[in-house]
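S.K.: My structure is below; once you've seen it, I'll send some questions.
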Amino acid sequence: MMLSPSAESPGDRNSLYSQAQSNRHKSWDKTSPISVILVSSGSRGNKLLFRYPFQRADECPSSLSAKQRNPYALSTTGDVLEDQDGDSRFSDSILATILATKSDMCGKKFELKIDNVRFVGHPTLLQHSPLIQVSKTDPSPKREMPTMILFNVVFALRANADPSVISCMHNLSRRIAIALQHEERRCQYLTREAKLMLAMQDEITTVTETDGAPQSPFRQILPKCKLARDLNEAYDSLCTTGVVRLHINNWLEVSFCLPHKIHRVGGNYIPPEALERSLKAIRPYHALLLLESEKALLGQLPLDCSPAMVRLIKTCSAVKNLQQLAQDADLALLQIFQIAAHLVYWGKAIIIFPLCENNVYMLSPHANISLYSPLAEQFALQFSGHDLPSMLAKFSLPVSLAEFRNPLEAPAQEAQLIQMVVWMLQRRLLIQLHTYVCLLIPPSEEEPAQKEEDIPLAARVGGRSLSTPSALSFGSPTSSDDMTLTSPSMENSSAELMPGGDSPLNKRMTETLLTSLSEHERQVILNIPAAQNPEDLRMFARLLHYFRGHHHLEEIMYNENMRRSQLKTLFDKFRSVLIVTNHEDPIISIFQSPMEQTV
């Protein structure tokens with residue numbers, strides 16, 4: 001919240017005090033900063049220019065004493081009762097001394113742990129232009145030589161903060177420092193703001209010595225200093241939404257998002273490392289689901305945003321995979337991946353599988369199924385005649401969208417069903433289940449002893465990699481069954497599908513693909529009636545490396561350019577050695593069922 005630079009009233013004092021207390025409670029969250037501090041170092045020594053929250057125990061009427069203390073003594077009053085993990089125990093002089101580093105440490109990550117507080121920043125050296133230096137022999141007036149040598153924007157965190165949170169806070173500190181350094185070189189913005197802050201501190205110190213009542217100079221600085229308000233806004237945003245948008249000197253924009261605040265499901269946050277792995281694993285057969293309306297999302301974009309992002313948002317649909325989206329938006333597939341990852345990271349979209357009638361959904365274990373929840377009210381307002389608990393009850397057990405299909409219903413009702421499913425996916429009320437296949441050969445009764453060839457199948461057939469193809473041949477599915485997005489991901493796919501199942505070349509290929517199996521496993525497979533058909537046997541051998549339970553049906557369809565009906569027919573023919581299971585896709589499951597966090 002940005003405060004107006006007006007005279008302070010008693011109401012404003014109460015408001016600021018309440019806000020400081022509220023922010024103090026927020027600091028108990030492991031992902032929220034305790035405070036933000038701006039320090040500088042120059043010819044006049046080390047100075048603490050601003051810190052927020054600035055309400056301190058010694059400012060309250062119940063303060064025990066206002067006597068002058070040693071500036072380097074630690075304040076222990078109220079530590080136990082009020083701020084065990086806070087930085088209020090450190091005086092301004094102490095913080096200025098320990099946070100204003102030497103010039104050698106500038107441009108690097110600064111991290112310091114003292115008791116239960118960890119300080120993270122990015123000290124930045126100011127290199128002023130020689131044009132503004134004052135000549136010693138020229139008496140004519142010149143621009144005043146800046147006295148500031150370096151500055152540091154520091155975030156105080158709890159000592160046991162997650163390393164990923166520490167890294168994110170350092171990233172934000174570095175971004176703010178770069179913007180301030182640029183504005184200082186352009187128009188001495190930081191020097192002007194620092195002078196204003198120091199002047200207000202001197203004024204309050206004089207008043208305090210006269211009246212004897214302790215006052216916080218930072219409260220007076222806040223409504224009069226733009227930089228102080230920016231730091232205040234950054235702190236409040238980090239404690240609430242996790243999205244920071246600043247305009248330093250009303251000129252340079254600094255954008256930042258704390259993923260720990262944005263990506264939260266079921267009371268837990270999604271680790272940034274898991275989010276990064278998921279974004280690296282998205283494939284052209286995935287889809288992008290926007291979490292906000294197109295109008296709302298476009299309204300949040302900056303004026304100088306990429307036209308490609310605007311085009312993607314306008315074209316995006318839950319029934320289009322990323323490959324189709326690239327065609328419709330007339331963008332390269334790689335660019336679609338980059339924009340999709342950007343939207344997901346900022347919490348504006350999630351990765352799903354395109355909606356089709358074969359999709360199987362189930363109620364999420366984290367769903368709020370209360371009859372009078374806010375989500376139930378929103379659902380009733382958006383879809384009149386329907387209530388959320390009844391709709392969620394239909395997904396108590398895994399069910400495909402095809403089961404809701406009624407040929408006698410109007411197309412508008414089917415479209416409304418899709419809208420309701422999309423609405424529930426946006427609120428993480430549903431999870432999607434995919435079909436996975438595992439090869440399970442019954443053990444041989446004649447050879448009970450463990451041999452080297454009895455190594456699990458996953459270890460023996462795992463050598464064949466499934467990398468993303470470098471070249472993609474675009475194609476659009478015509479129906480949910482014909483989900484064949486052509487991809488030359490397998491170099492020998494065309495050779496393996498050569499006509500003439502009895503040709504010597506095809507026989508050698510089939511034998512080569514089955515070499516990863518033991519003699520007993522090969523014999524069991526060859527004894528299956530379907531194996532007598534060379535075409536079926538060759539297809540089974542070709543897909544053998546997928547039968548590890550790591551690749552779902554849709555991935556196999558995409559990689560091998562096959563139809564759903566072909567795969568299901570093959571699974572049925574070899575059902576004596578294939579086990580079919582249904583569970584979530586690990587790539588997108590983090591958006592519905594995050595990993596449990598240990599305290």
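If you're wondering about the labels, chains in the structure tokens are A, B, ... by order shown, residues count from 1 in each chain, ligands from 1 in order shown.
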Can you pull out the residues contacting A:Ile282? Cut-off 8 Å, using only C-alpha atoms, and skip same-chain residues under 2 positions away; I want them as a list in words.
M.R.: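 Once the adjacent positions are removed, what remains is Ser278, Leu279, Lys280, Pro284, His286, Phe337, Ile351 and Ile587 of chain A.
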S.K.: Could you pull the residues within 10 Å of stretch 295-304 of chain A, counting only C-alpha atoms, minus those fewer than 4 positions along the same chain, as a VMD selection string?
M.R.: chain A and resid 253 290 to 291 309 to 310 313 to 314 348
S.K.: Pull C-alpha atoms from the residues just selected and write them as a CSV table (one decimal), in the first residue's frame.
M.R.:
chain,number,residue,atom,x,y,z
A,253,GLU,CA,10.0,-1.2,-13.4
A,290,LEU,CA,-5.2,-20.0,-17.7
A,291,LEU,CA,-6.2,-19.4,-14.1
A,309,MET,CA,2.3,-13.3,-25.1
A,310,VAL,CA,-0.8,-11.3,-26.0
A,313,ILE,CA,-3.4,-15.5,-24.3
A,314,LYS,CA,-6.0,-14.7,-26.8
A,348,LYS,CA,-1.2,-17.3,-14.1
S.K.: Would you please work out which residue, of A:Leu227, A:Leu222, A:Ile37, A:Met424, is nearest to A:Ala376 when using only C-alpha atoms?
M.R.: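 Looking at the shortest contact to A:Ala376, the residue is A:Met424.
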S.K.: Write out as a PDB file with N, CA, C and O atoms, in the first residue's frame which residues come within 8 Å of A:Thr97 when counting only C-alpha atoms, dropping same-chain ones fewer than 3 positions away.
M.R.:
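Written out: selection.pdb:
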ATOM      1  N   ASN A  46      28.971   4.767   7.903  1.00  0.00           N
ATOM      2  CA  ASN A  46      27.887   3.838   7.582  1.00  0.00           C
ATOM      3  C   ASN A  46      26.570   4.368   8.140  1.00  0.00           C
ATOM      4  O   ASN A  46      26.501   4.762   9.311  1.00  0.00           O
ATOM      5  N   LYS A  47      25.550   4.358   7.316  1.00  0.00           N
ATOM      6  CA  LYS A  47      24.252   4.896   7.705  1.00  0.00           C
ATOM      7  C   LYS A  47      23.147   3.891   7.404  1.00  0.00           C
ATOM      8  O   LYS A  47      23.148   3.250   6.345  1.00  0.00           O
ATOM      9  N   SER A  93      22.471   1.542  14.615  1.00  0.00           N
ATOM     10  CA  SER A  93      23.931   1.636  14.460  1.00  0.00           C
ATOM     11  C   SER A  93      24.556   0.269  14.233  1.00  0.00           C
ATOM     12  O   SER A  93      25.469   0.118  13.409  1.00  0.00           O
ATOM     13  N   ILE A  94      24.055  -0.728  14.958  1.00  0.00           N
ATOM     14  CA  ILE A  94      24.574  -2.087  14.782  1.00  0.00           C
ATOM     15  C   ILE A  94      24.317  -2.554  13.356  1.00  0.00           C
ATOM     16  O   ILE A  94      25.209  -3.103  12.683  1.00  0.00           O
ATOM     17  N   ALA A 100      26.616  -2.693   6.033  1.00  0.00           N
ATOM     18  CA  ALA A 100      27.366  -1.893   5.059  1.00  0.00           C
ATOM     19  C   ALA A 100      28.740  -2.533   4.891  1.00  0.00           C
ATOM     20  O   ALA A 100      29.649  -2.330   5.697  1.00  0.00           O
ATOM     21  N   THR A 101      28.904  -3.325   3.873  1.00  0.00           N
ATOM     22  CA  THR A 101      30.107  -4.133   3.702  1.00  0.00           C
ATOM     23  C   THR A 101      31.250  -3.316   3.105  1.00  0.00           C
ATOM     24  O   THR A 101      31.096  -2.135   2.760  1.00  0.00           O
TER      25      THR A 101
END
S.K.: Could you check the closest approach to A:Asn268 for each of A:Pro443, A:His366, A:Arg89, A:Leu331 and tell me which residue wins, using only C-alpha atoms?
M.R.: A:His366
S.K.: Just checking: using only C-alpha atoms, which residue out of A:Leu288, A:Gly385, A:Val319, A:Met197 ends up closest to A:Ala415?
M.R.: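 Ranked by minimum distance to A:Ala415, first place goes to A:Val319.
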S.K.: Compare A:Leu544, A:Trp251, A:Pro407, A:Ser373 by their minimum atom-to-atom distance to A:Glu183, counting only C-alpha atoms, and give me the closest one.
M.R.: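 Result for the nearest residue to A:Glu183: A:Trp251.
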S.K.: Can you tell me, as a VMD selection string, what residues are no more than 8 Å from A:Leu363 when counting only C-alpha atoms, ignoring any on the same chain fewer than 4 positions away?
M.R.: chain A and resid 367 392 395 to 398 429 to 431
S.K.: Which residue out of A:Gln335, A:Gln181, A:Thr31, A:Ser164 has the minimum interatomic distance to A:Pro272 when only C-alpha atoms are used?
M.R.: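 Closest candidate: A:Ser164.
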S.K.: Using Å and a single decimal, report how far atom CA of A:Lys224 sits from atom CA of A:Leu246.
M.R.: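 The value is 17.0 Å.
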S.K.: Just asking: which residues within stretch 356-449 of chain A are strand (DSSP E or B) according to DSSP, as a VMD selection string?
M.R.: chain A and resid 360 to 363 399 to 400 430 to 439
